[in-house]
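Undergrad: For reference, the file protein_18.txt (compact mmCIF, C-alpha atoms) is included below:
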```
# COMPACT_ATOMS: atom_id res chain seq x y z
CA MET A 1 -47.28 -30.17 59.88
CA TYR A 2 -50.69 -31.74 60.27
CA GLU A 3 -51.31 -35.23 61.57
CA GLY A 4 -51.47 -38.36 59.43
CA VAL A 5 -53.91 -38.37 56.55
CA VAL A 6 -54.55 -34.60 56.49
CA GLN A 7 -50.85 -33.99 55.84
CA ASP A 8 -50.87 -36.79 53.22
CA LEU A 9 -53.72 -35.01 51.44
CA VAL A 10 -51.89 -31.65 51.56
CA ASP A 11 -48.73 -33.31 50.20
CA GLU A 12 -50.58 -35.06 47.36
CA LEU A 13 -52.44 -31.89 46.32
CA GLY A 14 -49.17 -29.96 46.48
CA ARG A 15 -47.73 -32.21 43.77
CA LEU A 16 -50.30 -31.05 41.21
CA PRO A 17 -49.20 -28.46 38.64
CA GLY A 18 -49.66 -24.86 39.72
CA ILE A 19 -50.60 -25.79 43.30
CA GLY A 20 -48.25 -24.45 45.96
CA PRO A 21 -48.23 -25.41 49.66
CA LYS A 22 -50.75 -22.70 50.64
CA SER A 23 -53.22 -23.60 47.89
CA ALA A 24 -52.83 -27.29 48.77
CA GLN A 25 -53.72 -26.54 52.36
CA ARG A 26 -56.73 -24.47 51.33
CA ILE A 27 -58.07 -27.22 49.04
CA ALA A 28 -57.48 -29.88 51.70
CA PHE A 29 -59.51 -27.96 54.28
CA HIS A 30 -62.21 -27.24 51.73
CA LEU A 31 -62.49 -31.00 51.12
CA LEU A 32 -62.61 -31.68 54.86
CA ALA A 33 -65.47 -29.23 55.27
CA ALA A 34 -67.34 -30.39 52.16
CA ASP A 35 -70.23 -32.81 51.97
CA ALA A 36 -69.15 -36.47 52.03
CA THR A 37 -71.08 -37.27 48.81
CA ASP A 38 -69.27 -34.49 46.92
CA VAL A 39 -65.88 -35.80 48.03
CA HIS A 40 -66.83 -39.38 47.13
CA ARG A 41 -67.94 -38.25 43.70
CA LEU A 42 -64.59 -36.51 43.14
CA ALA A 43 -62.70 -39.62 44.31
CA ALA A 44 -64.77 -41.83 42.00
CA VAL A 45 -64.09 -39.58 38.98
CA LEU A 46 -60.36 -39.56 39.73
CA ALA A 47 -60.29 -43.36 39.82
CA GLU A 48 -62.47 -43.66 36.73
CA VAL A 49 -60.42 -41.29 34.58
CA LYS A 50 -57.29 -43.39 35.04
CA GLU A 51 -59.21 -46.62 34.40
CA LYS A 52 -61.25 -45.63 31.35
CA VAL A 53 -59.40 -42.97 29.42
CA ARG A 54 -56.93 -44.01 26.77
CA PHE A 55 -55.65 -42.74 23.43
CA CYS A 56 -57.53 -43.11 20.15
CA SER A 57 -55.91 -45.82 18.04
CA VAL A 58 -56.12 -43.64 14.91
CA CYS A 59 -55.37 -40.05 15.97
CA ALA A 60 -54.07 -40.40 19.58
CA ASN A 61 -56.66 -38.00 20.98
CA VAL A 62 -57.99 -38.87 24.45
CA THR A 63 -61.05 -41.15 24.42
CA GLU A 64 -62.88 -43.76 26.45
CA GLU A 65 -63.30 -46.09 23.48
CA GLU A 66 -61.13 -47.57 20.75
CA LEU A 67 -61.77 -44.53 18.52
CA CYS A 68 -62.30 -40.93 19.65
CA ARG A 69 -65.53 -39.00 18.97
CA VAL A 70 -64.08 -37.25 15.92
CA CYS A 71 -62.72 -40.43 14.32
CA ARG A 72 -66.09 -42.20 14.88
CA ASP A 73 -68.13 -39.40 13.31
CA PRO A 74 -69.12 -40.37 9.72
CA ARG A 75 -69.97 -36.76 8.81
CA ARG A 76 -66.33 -35.68 9.07
CA ASP A 77 -64.45 -34.83 5.88
CA LEU A 78 -61.90 -37.60 5.37
CA ALA A 79 -59.91 -35.54 2.86
CA LEU A 80 -58.80 -33.00 5.50
CA LEU A 81 -56.34 -33.77 8.27
CA CYS A 82 -55.26 -31.31 10.95
CA VAL A 83 -51.94 -32.09 12.68
CA VAL A 84 -51.68 -30.81 16.27
CA GLU A 85 -49.20 -31.22 19.12
CA GLU A 86 -51.46 -32.20 22.04
CA PRO A 87 -55.02 -33.48 22.65
CA LYS A 88 -55.72 -30.05 24.21
CA ASP A 89 -55.16 -28.51 20.79
CA VAL A 90 -57.91 -30.71 19.26
CA LEU A 91 -60.36 -29.10 21.64
CA ALA A 92 -59.06 -25.62 20.80
CA VAL A 93 -59.59 -26.19 17.06
CA GLU A 94 -62.99 -27.83 17.66
CA ARG A 95 -64.16 -24.72 19.50
CA THR A 96 -63.70 -22.68 16.31
CA ARG A 97 -66.39 -24.81 14.55
CA GLU A 98 -64.51 -24.00 11.34
CA PHE A 99 -62.87 -27.34 10.77
CA ARG A 100 -64.80 -30.44 9.65
CA GLY A 101 -61.93 -32.82 8.98
CA ARG A 102 -60.07 -35.18 11.26
CA TYR A 103 -57.01 -34.80 13.50
CA HIS A 104 -53.62 -36.31 14.13
CA VAL A 105 -51.99 -35.73 17.52
CA LEU A 106 -48.18 -35.78 17.40
CA GLY A 107 -47.61 -35.90 21.15
CA GLY A 108 -45.32 -32.86 21.28
CA ALA A 109 -42.94 -30.86 19.09
CA ILE A 110 -39.38 -31.42 17.88
CA SER A 111 -37.01 -30.08 20.54
CA PRO A 112 -33.47 -31.48 20.26
CA ILE A 113 -32.38 -29.66 23.42
CA GLU A 114 -34.93 -31.75 25.36
CA GLY A 115 -33.84 -34.86 23.45
CA ILE A 116 -37.07 -34.95 21.38
CA GLY A 117 -36.46 -35.69 17.71
CA PRO A 118 -38.88 -36.77 14.95
CA GLU A 119 -38.61 -40.42 16.10
CA GLN A 120 -40.09 -39.55 19.50
CA LEU A 121 -43.26 -38.12 17.92
CA ARG A 122 -46.10 -39.89 16.08
CA ILE A 123 -44.78 -38.93 12.66
CA ARG A 124 -44.41 -42.50 11.40
CA GLU A 125 -48.09 -43.12 12.27
CA LEU A 126 -48.99 -39.97 10.31
CA MET A 127 -47.17 -41.25 7.23
CA VAL A 128 -49.02 -44.59 7.51
CA ARG A 129 -52.37 -42.75 7.71
CA LEU A 130 -51.55 -40.71 4.61
CA ALA A 131 -50.36 -43.70 2.56
CA ASP A 132 -53.81 -44.73 1.20
CA GLY A 133 -54.39 -41.37 -0.54
CA THR A 134 -57.75 -40.51 1.14
CA VAL A 135 -56.33 -37.33 2.67
CA THR A 136 -55.71 -34.56 0.13
CA GLU A 137 -54.90 -31.64 2.45
CA VAL A 138 -52.81 -31.63 5.62
CA ILE A 139 -53.19 -28.58 7.85
CA ILE A 140 -50.23 -28.16 10.18
CA ALA A 141 -51.52 -26.58 13.39
CA THR A 142 -48.46 -26.87 15.64
CA ASP A 143 -47.86 -24.05 18.16
CA PRO A 144 -46.64 -20.74 16.68
CA ASN A 145 -43.42 -20.92 18.72
CA LEU A 146 -39.92 -22.01 17.72
CA GLU A 147 -40.38 -25.75 18.32
CA GLY A 148 -43.77 -25.70 16.61
CA GLU A 149 -42.34 -23.87 13.59
CA ALA A 150 -39.42 -26.28 13.33
CA THR A 151 -41.82 -29.24 13.52
CA ALA A 152 -43.92 -27.66 10.77
CA THR A 153 -40.80 -27.17 8.62
CA TYR A 154 -39.83 -30.81 9.09
CA LEU A 155 -43.35 -32.08 8.27
CA THR A 156 -43.66 -29.84 5.21
CA ARG A 157 -40.42 -31.22 3.80
CA LEU A 158 -41.66 -34.77 4.41
CA LEU A 159 -45.18 -34.28 3.01
CA ARG A 160 -44.58 -32.12 -0.08
CA PRO A 161 -43.13 -34.95 -2.22
CA MET A 162 -46.32 -36.98 -1.54
CA GLY A 163 -48.30 -34.61 -3.77
CA LEU A 164 -50.57 -33.41 -0.95
CA ARG A 165 -51.72 -29.87 -0.33
CA VAL A 166 -49.83 -28.83 2.81
CA THR A 167 -51.01 -25.72 4.67
CA ARG A 168 -49.95 -24.01 7.87
CA LEU A 169 -52.21 -22.01 10.18
CA ALA A 170 -51.85 -18.27 9.58
CA SER A 171 -50.03 -16.12 12.14
CA GLY A 172 -50.96 -12.57 12.81
CA LEU A 173 -52.98 -10.09 14.77
CA PRO A 174 -55.41 -11.17 17.48
CA VAL A 175 -59.04 -10.28 16.77
CA GLY A 176 -60.17 -7.33 18.88
CA GLY A 177 -56.65 -5.94 19.34
CA ASP A 178 -54.96 -2.69 18.32
CA LEU A 179 -52.31 -2.60 15.60
CA GLU A 180 -50.06 -0.21 17.54
CA TYR A 181 -49.72 -2.72 20.39
CA ALA A 182 -48.68 -5.64 18.22
CA ASP A 183 -45.10 -6.84 18.69
CA GLU A 184 -42.83 -6.61 15.64
CA VAL A 185 -42.45 -10.37 15.16
CA THR A 186 -46.20 -11.00 15.02
CA LEU A 187 -46.83 -7.92 12.89
CA GLY A 188 -44.02 -8.98 10.55
CA ARG A 189 -45.64 -12.39 10.16
CA ALA A 190 -49.00 -10.77 9.51
CA PHE A 191 -47.42 -8.82 6.65
CA GLU A 192 -45.73 -11.93 5.31
CA GLY A 193 -49.01 -13.84 5.29
CA ARG A 194 -51.20 -11.00 4.00
CA ARG A 195 -53.87 -12.00 1.50
CA SER A 196 -55.58 -10.37 -1.40
CA VAL A 197 -59.10 -9.13 -0.69
CA ASP A 198 -60.15 -9.13 -4.36
CA ASP A 199 -61.20 -12.78 -4.52
CA MET B 1 -27.22 -2.07 43.65
CA SER B 2 -30.25 -0.94 41.74
CA HIS B 3 -33.33 -3.11 41.62
CA LEU B 4 -33.29 -3.22 37.81
CA TYR B 5 -30.53 -4.04 35.35
CA ARG B 6 -30.37 -4.08 31.60
CA ASP B 7 -28.31 -6.18 29.18
CA GLU B 8 -28.05 -7.53 25.65
CA ALA B 9 -28.76 -11.24 25.48
CA VAL B 10 -29.43 -14.30 23.36
CA VAL B 11 -32.26 -16.59 24.48
CA LEU B 12 -30.80 -20.07 24.95
CA ARG B 13 -33.71 -22.07 26.27
CA THR B 14 -37.22 -21.75 27.66
CA GLN B 15 -39.09 -23.98 30.08
CA LYS B 16 -42.75 -23.84 30.98
CA LEU B 17 -43.57 -22.59 34.45
CA GLY B 18 -47.02 -22.69 36.01
CA GLU B 19 -50.06 -21.61 34.02
CA ALA B 20 -48.64 -19.13 31.50
CA ASP B 21 -45.07 -18.26 32.56
CA ARG B 22 -41.71 -19.44 31.30
CA ILE B 23 -38.27 -19.73 32.81
CA VAL B 24 -35.98 -18.26 30.18
CA THR B 25 -32.23 -18.93 30.10
CA PHE B 26 -30.22 -16.09 28.53
CA LEU B 27 -26.60 -15.67 27.61
CA THR B 28 -26.03 -11.99 28.29
CA ARG B 29 -23.17 -9.80 27.13
CA HIS B 30 -22.18 -8.52 30.56
CA SER B 31 -23.66 -10.89 33.14
CA GLY B 32 -23.03 -14.29 31.52
CA ARG B 33 -25.74 -16.86 31.91
CA VAL B 34 -28.95 -15.56 33.52
CA ARG B 35 -32.13 -17.47 34.29
CA ALA B 36 -35.21 -15.31 34.64
CA VAL B 37 -38.99 -15.65 34.71
CA GLY B 38 -41.03 -14.28 31.82
CA LYS B 39 -44.46 -13.69 33.31
CA GLY B 40 -47.50 -14.50 31.21
CA VAL B 41 -45.42 -14.95 28.04
CA ARG B 42 -47.30 -18.07 26.93
CA ARG B 43 -50.57 -16.19 26.58
CA THR B 44 -51.44 -15.14 23.03
CA LYS B 45 -51.96 -11.60 24.31
CA SER B 46 -48.42 -11.42 25.73
CA LYS B 47 -46.55 -8.27 24.73
CA PHE B 48 -43.14 -9.91 24.57
CA GLY B 49 -43.73 -13.66 24.31
CA SER B 50 -42.49 -13.68 20.72
CA ARG B 51 -39.26 -11.94 21.71
CA LEU B 52 -38.42 -14.54 24.34
CA GLU B 53 -38.03 -17.47 21.97
CA PRO B 54 -34.73 -19.33 21.53
CA PHE B 55 -32.32 -17.74 18.98
CA MET B 56 -33.65 -14.24 19.60
CA GLN B 57 -31.06 -11.55 20.29
CA VAL B 58 -32.73 -9.03 22.57
CA ASP B 59 -32.21 -5.96 24.70
CA VAL B 60 -33.71 -7.00 28.01
CA GLN B 61 -34.39 -5.46 31.39
CA PHE B 62 -34.43 -7.66 34.48
CA ALA B 63 -35.62 -7.03 38.02
CA HIS B 64 -33.73 -8.82 40.80
CA GLY B 65 -35.92 -11.46 42.35
CA ARG B 66 -35.57 -13.68 45.41
CA SER B 67 -34.56 -16.90 43.62
CA LEU B 68 -34.95 -16.02 39.94
CA ASP B 69 -34.84 -12.61 38.31
CA VAL B 70 -37.92 -11.36 36.45
CA VAL B 71 -37.99 -10.07 32.86
CA THR B 72 -39.65 -6.66 32.85
CA GLN B 73 -39.02 -5.34 29.31
CA VAL B 74 -37.73 -6.81 26.07
CA GLU B 75 -36.82 -5.25 22.73
CA THR B 76 -35.69 -7.24 19.71
CA ILE B 77 -32.18 -6.63 18.38
CA SER B 78 -32.07 -9.42 15.78
CA PRO B 79 -34.82 -12.00 15.29
CA TYR B 80 -32.76 -15.00 14.17
CA GLY B 81 -35.47 -17.51 15.20
CA HIS B 82 -37.61 -17.31 12.07
CA ALA B 83 -34.73 -17.68 9.59
CA ILE B 84 -33.29 -20.59 11.57
CA SER B 85 -36.50 -22.54 12.22
CA ASN B 86 -37.43 -22.23 8.53
CA ASP B 87 -34.90 -24.90 7.67
CA TYR B 88 -34.57 -28.15 9.57
CA ALA B 89 -30.77 -28.48 9.17
CA ARG B 90 -30.27 -24.91 10.41
CA TYR B 91 -32.65 -25.49 13.33
CA THR B 92 -30.91 -28.66 14.56
CA ALA B 93 -27.42 -27.12 14.15
CA GLY B 94 -28.57 -23.95 15.94
CA THR B 95 -30.09 -25.88 18.83
CA ALA B 96 -26.77 -27.68 19.37
CA MET B 97 -25.04 -24.28 19.44
CA LEU B 98 -27.41 -22.99 22.12
CA GLU B 99 -26.97 -26.12 24.22
CA THR B 100 -23.16 -25.88 23.95
CA ALA B 101 -23.19 -22.23 25.02
CA GLU B 102 -25.38 -23.12 27.99
CA ARG B 103 -23.06 -25.95 29.04
CA LEU B 104 -19.79 -24.06 28.56
CA VAL B 105 -20.97 -21.03 30.54
CA ALA B 106 -21.66 -23.13 33.60
CA GLU B 107 -21.83 -20.43 36.29
CA GLU B 108 -24.69 -17.95 36.39
CA HIS B 109 -23.81 -14.23 36.45
CA GLU B 110 -20.17 -14.92 35.51
CA PRO B 111 -19.33 -12.59 32.58
CA ALA B 112 -18.60 -14.46 29.34
CA VAL B 113 -18.32 -11.76 26.68
CA GLN B 114 -16.34 -13.84 24.21
CA GLN B 115 -18.82 -16.73 24.35
CA TYR B 116 -21.63 -14.24 23.81
CA LEU B 117 -19.98 -12.63 20.78
CA LEU B 118 -19.13 -16.02 19.33
CA LEU B 119 -22.72 -17.23 19.70
CA VAL B 120 -24.13 -14.08 18.09
CA GLY B 121 -21.67 -14.49 15.19
CA GLY B 122 -22.60 -18.17 14.84
CA LEU B 123 -26.33 -17.47 14.79
CA ARG B 124 -25.87 -14.67 12.29
CA ALA B 125 -23.93 -17.00 9.99
CA LEU B 126 -26.60 -19.68 10.36
CA ALA B 127 -29.48 -17.29 9.67
CA ALA B 128 -27.69 -15.83 6.62
CA ALA B 129 -27.90 -19.33 5.10
CA GLU B 130 -24.77 -18.92 2.99
CA LEU B 131 -22.72 -21.65 4.66
CA ASP B 132 -23.41 -25.33 5.30
CA PRO B 133 -25.19 -25.48 8.74
CA PRO B 134 -23.20 -28.47 10.11
CA MET B 135 -19.94 -26.67 9.21
CA VAL B 136 -21.09 -23.50 11.00
CA LEU B 137 -21.90 -25.68 13.99
CA ASP B 138 -18.53 -27.47 13.97
CA SER B 139 -16.64 -24.21 13.66
CA PHE B 140 -18.68 -22.76 16.53
CA LEU B 141 -18.05 -25.83 18.70
CA LEU B 142 -14.26 -25.72 18.20
CA ARG B 143 -14.06 -21.99 18.75
CA SER B 144 -16.30 -21.95 21.80
CA LEU B 145 -14.21 -24.79 23.32
CA ALA B 146 -11.12 -22.68 22.58
CA VAL B 147 -12.70 -19.67 24.35
CA ALA B 148 -13.52 -21.93 27.32
CA GLY B 149 -9.82 -22.83 27.52
CA TYR B 150 -9.90 -26.15 25.64
CA ALA B 151 -8.31 -25.06 22.35
CA PRO B 152 -7.26 -28.09 20.32
CA THR B 153 -4.10 -27.98 18.24
CA PHE B 154 -4.29 -29.12 14.62
CA ASP B 155 -0.82 -28.08 13.36
CA LEU B 156 1.74 -28.55 16.17
CA CYS B 157 2.04 -31.79 18.15
CA ALA B 158 -0.05 -31.38 21.31
CA ARG B 159 2.68 -33.07 23.41
CA CYS B 160 6.11 -31.96 22.14
CA GLY B 161 5.11 -29.00 19.97
CA ARG B 162 6.83 -30.31 16.85
CA GLU B 163 5.68 -28.70 13.59
CA GLY B 164 3.09 -30.70 11.63
CA PRO B 165 1.28 -31.81 9.67
CA HIS B 166 0.64 -34.84 11.84
CA ARG B 167 -1.76 -37.75 11.27
CA ASN B 168 -2.90 -38.86 14.71
CA PHE B 169 -5.62 -37.20 16.75
CA SER B 170 -6.28 -37.78 20.44
CA ALA B 171 -9.04 -35.89 22.23
CA GLY B 172 -7.44 -36.60 25.62
CA ALA B 173 -4.05 -35.24 24.53
CA GLY B 174 -5.68 -32.05 23.18
CA GLY B 175 -5.19 -32.41 19.42
CA MET B 176 -2.79 -33.87 16.87
CA LEU B 177 0.18 -35.98 17.96
CA CYS B 178 3.44 -36.63 16.10
CA SER B 179 4.51 -40.19 15.38
CA SER B 180 6.78 -40.40 18.46
CA CYS B 181 4.20 -38.94 20.90
CA ARG B 182 1.33 -40.99 19.48
CA VAL B 183 -0.79 -42.74 22.16
CA ALA B 184 -2.90 -45.88 21.91
CA GLY B 185 -6.44 -45.19 20.76
CA SER B 186 -5.61 -42.08 18.72
CA ALA B 187 -7.48 -41.75 15.43
CA ALA B 188 -5.61 -41.61 12.11
CA LEU B 189 -6.87 -38.68 9.99
CA THR B 190 -6.31 -37.77 6.36
CA PRO B 191 -4.34 -34.54 5.68
CA GLU B 192 -7.51 -32.99 4.17
CA THR B 193 -9.51 -33.66 7.35
CA VAL B 194 -6.76 -32.09 9.46
CA ALA B 195 -6.66 -29.05 7.16
CA LEU B 196 -10.46 -28.75 7.37
CA LEU B 197 -10.39 -28.92 11.19
CA GLY B 198 -7.70 -26.23 11.33
CA ALA B 199 -9.74 -24.00 9.02
CA LEU B 200 -12.90 -24.53 11.10
CA LEU B 201 -11.05 -23.54 14.26
CA ALA B 202 -9.57 -20.46 12.59
CA GLY B 203 -12.87 -19.54 10.91
CA ASN B 204 -11.14 -19.66 7.53
CA TRP B 205 -14.21 -20.20 5.32
CA VAL B 206 -12.28 -20.04 2.04
CA THR B 207 -10.41 -23.22 3.01
CA VAL B 208 -13.52 -24.85 4.53
CA THR B 209 -15.48 -24.47 1.30
CA ALA B 210 -12.47 -25.51 -0.81
CA VAL B 211 -12.00 -28.88 0.96
CA ASP B 212 -13.92 -31.75 -0.66
CA GLY B 213 -17.30 -32.43 1.00
CA LYS B 214 -16.42 -36.07 1.74
CA PHE B 215 -13.98 -34.95 4.47
CA ARG B 216 -16.72 -33.14 6.40
CA LYS B 217 -18.13 -36.24 8.06
CA PRO B 218 -14.83 -37.45 9.60
CA ALA B 219 -14.07 -33.87 10.72
CA SER B 220 -17.49 -33.62 12.41
CA GLY B 221 -16.78 -36.93 14.16
CA VAL B 222 -13.51 -35.53 15.56
CA VAL B 223 -15.29 -32.35 16.75
CA ALA B 224 -18.05 -34.38 18.45
CA ALA B 225 -15.50 -36.63 20.18
CA TYR B 226 -13.44 -33.64 21.32
CA LEU B 227 -16.55 -31.86 22.64
CA GLN B 228 -17.75 -34.92 24.52
CA TRP B 229 -14.31 -35.41 26.10
CA HIS B 230 -14.40 -31.90 27.57
CA LEU B 231 -18.09 -31.72 28.49
CA GLU B 232 -17.93 -35.23 29.99
CA ARG B 233 -21.56 -35.74 29.03
CA SER B 234 -22.67 -35.67 25.40
CA LEU B 235 -25.01 -32.96 24.11
CA ARG B 236 -28.62 -34.09 23.82
CA SER B 237 -29.19 -32.15 20.64
CA LEU B 238 -26.05 -33.33 18.82
CA VAL B 239 -27.56 -36.68 17.76
CA HIS B 240 -30.45 -34.82 16.12
CA VAL B 241 -28.23 -32.61 13.95
CA GLU B 242 -28.96 -33.19 10.30
CA ARG B 243 -25.71 -33.66 8.42
```
Could you write out this file's structure as structure tokens?
TA:
Amino acid sequence: MYEGVVQDLVDELGRLPGIGPKSAQRIAFHLLAADATDVHRLAAVLAEVKEKVRFCSVCANVTEEELCRVCRDPRRDLALLCVVEEPKDVLAVERTREFRGRYHVLGGAISPIEGIGPEQLRIRELMVRLADGTVTEVIIATDPNLEGEATATYLTRLLRPMGLRVTRLASGLPVGGDLEYADEVTLGRAFEGRRSVDD
Amino acid sequence: MSHLYRDEAVVLRTQKLGEADRIVTFLTRHSGRVRAVGKGVRRTKSKFGSRLEPFMQVDVQFAHGRSLDVVTQVETISPYGHAISNDYARYTAGTAMLETAERLVAEEHEPAVQQYLLLVGGLRALAAAELDPPMVLDSFLLRSLAVAGYAPTFDLCARCGREGPHRNFSAGAGGMLCSSCRVAGSAALTPETVALLGALLAGNWVTVTAVDGKFRKPASGVVAAYLQWHLERSLRSLVHVER
């Protein structure tokens, strides 16, 4: 045990995800040894992030303003909407530079065992966004795991009757990998979602 | 005891751990409920991440760890996950089955072969998509309660053993009650509902499908009440089941 504020710092750092007691101690002593201006800058950013950052009123992505950068951008294709689980996923799709539409963040996936049903997600808000008919294609980009698949199934059933084009991200082999190392579930899905190369 | 052990198992639940790991809860054939760490399974490059999803029946090798065991190898036996998550009613019914199995096998490493076989049978029936998912769930719930030692009685009186059919059901008494044993607060059921409940417990699908669909809802209500009485706390996933 250290004295007073040093121990407080170790305890606080130890509460962060992925930081154990040893790492917390190492970071605390790094901060003690660091330049005062660096530490003040870190403290200021920490305070600022809680003060300024909120969720976009349209898509629920993280933003500092009423609307996020994507929702403000007039060059975005309003007919395309990509549905994701978390704000982190928006960034992942943006990095591909393939998608020029807008997003809708659900805030998680349907997981009854955790007590999360469709009512706990932003599905009602999605339906309101789709009501005016501007969006013609919804791309469901939930995680390719069981909860993500179940959420996609639920959304597909809800959206199909609205006459929209509903698509799901393809599942399959990672680029740069070897076929022989693929697991049977992924490889099976790759076969299921195979496409013709003629057109 | 060797450092490694191998077993057949169904994945009941997964929880995120750290950067890319998961804590996976299994119901194994020989060792009952086992919680183990799947290292790096959340990465897209993971060799066995897809095999450690709920509903998967797998052949798995564990290494004994200090607090939790570690998953070292996994092979798929039956991938029920895809067929179940393809349909929302099947998914919600299946999730309630997994949660029930987890709750009824309370102790870790206590063998529960019958619960394991029942769960595998239930998941197989659900994935085959030939039967109504809520009925598969209700049948599983009654039978897994029976395996756990809480078998309800739907023909004889639960108190005096008199031959039925009887009309009154009491979860606390353990099933149907005759008119003289009837207690306050017991529910009056129609003969069709009682017959349906008996068939669900026995796994008699000919009778289950023959009984009019309108008796399914009251039967499901009885099953839910009986389950809650014995688990003392209701299942989180039961309210989300699509009936």
Undergrad: Would you give me, as a ChimeraX atom specification, the residues of chain A that come within 7 Å of chain B, using only C-alpha atoms?
TA: /A:17-18,112-115,117,146,149-150,153-154,183,185
Undergrad: Quick one: pull the distance between CA of Leu177 (chain B) and CA of Val206 (chain B), Å, one decimal.
TA: 25.7 Å
Undergrad: Using only C-alpha atoms for the distances, tell me which of B:Ser78, B:Ser67, B:Ser220, B:Gln115 is nearest to Val194 (chain B).
TA: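 Ranked by minimum distance to Val194 (chain B), first place goes to B:Ser220.
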Undergrad: Could you list, as number ranges by chain, every residue within 8 Å of Cys157 (chain B), counting only C-alpha atoms and ignoring same-chain residues fewer than 6 positions away?
TA: B: 163-164, 166, 175-178, 181
Undergrad: With C-alpha atoms retained, could you export that selection as a JSON list (two decimals), in the coordinates of the input?
TA:
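Okay, this is what ended up in part_17.json:
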```
[["chain", "number", "residue", "atom", "x", "y", "z"],
["B", 163, "GLU", "CA", 5.68, -28.70, 13.59],
["B", 164, "GLY", "CA", 3.09, -30.70, 11.63],
["B", 166, "HIS", "CA", 0.64, -34.84, 11.84],
["B", 175, "GLY", "CA", -5.19, -32.41, 19.42],
["B", 176, "MET", "CA", -2.79, -33.87, 16.87],
["B", 177, "LEU", "CA", 0.18, -35.98, 17.96],
["B", 178, "CYS", "CA", 3.44, -36.63, 16.10],
["B", 181, "CYS", "CA", 4.20, -38.94, 20.90]]
```
Undergrad: Around the point (-33.8, -21.7, 39.2) (coordinates from the file), which residues reach within 10 Å if we count all atoms listed in the file? Answer as a list in words.
TA: Ile23, Val24, Thr25, Val34, Arg35, Ala36, Val37, Ser67, Leu68 and Asp69 of chain B
Undergrad: Tell me which protein, DNA and RNA residues are within 12 Å of Val222 (chain B), counting all atoms listed in the file, leaving out same-chain ones fewer than 2 positions away, and put them as a ChimeraX atom specification.
TA: /B:138-139,141-142,152,154,168-172,174-176,186-190,193-194,196-198,200,215-220,224-229
Undergrad: Return the single residue from B:Leu4, B:Val105, B:Ala151, B:Ala112 that is closest to Gln73 (chain B), with distances computed using only C-alpha atoms.
TA: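 Closest to Gln73 (chain B) of all the choices is B:Leu4.
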Undergrad: Would you mind telling me which residue in A:Leu78, A:Ala47, A:Ala170, A:Ala28 lies nearest to Tyr2 (chain A) when using only C-alpha atoms?
TA: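 Comparing A:Leu78, A:Ala47, A:Ala170, A:Ala28 against Tyr2 (chain A), the winner is A:Ala28.
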Undergrad: In Å, with one decimal, what is the gap from CA of Ala9 (chain B) to CA of Leu27 (chain B)?
TA: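 Separation between CA of Ala9 (chain B) and CA of Leu27 (chain B): 5.4 Å.
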Undergrad: What's around Gly188 (chain A) at 12 Å? Count all atoms listed in the file, leave out sequence neighbours fewer than 2 positions away in its own chain, and write the answer as number ranges by chain.
TA: A: 171-173, 179, 182-186, 190-194; B: 50, 79, 82
Undergrad: So that I can see what lies close to Ile110 (chain A), please list as a PyMOL selection string the residues with an atom at most 8 Å from it, counting all atoms listed in the file and leaving out residues fewer than 3 positions away in the same chain.
TA: chain A and resi 116-118+121+147-148+150-151
Undergrad: Please produce an output containing C-alpha atoms for each residue in the selection, written as a PDB file, in the frame of the given file.
TA:
```
ATOM      1  CA  ILE A 116     -37.070 -34.950  21.380  1.00  0.00           C
ATOM      2  CA  GLY A 117     -36.460 -35.690  17.710  1.00  0.00           C
ATOM      3  CA  PRO A 118     -38.880 -36.770  14.950  1.00  0.00           C
ATOM      4  CA  LEU A 121     -43.260 -38.120  17.920  1.00  0.00           C
ATOM      5  CA  GLU A 147     -40.380 -25.750  18.320  1.00  0.00           C
ATOM      6  CA  GLY A 148     -43.770 -25.700  16.610  1.00  0.00           C
ATOM      7  CA  ALA A 150     -39.420 -26.280  13.330  1.00  0.00           C
ATOM      8  CA  THR A 151     -41.820 -29.240  13.520  1.00  0.00           C
TER       9      THR A 151
END
```
Undergrad: Can you tell me how far CA of Gln61 (chain B) sits from CA of Glu8 (chain B), in Å to one decimal?
TA: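 Going from CA of Gln61 (chain B) over to CA of Glu8 (chain B) covers 8.8 Å.
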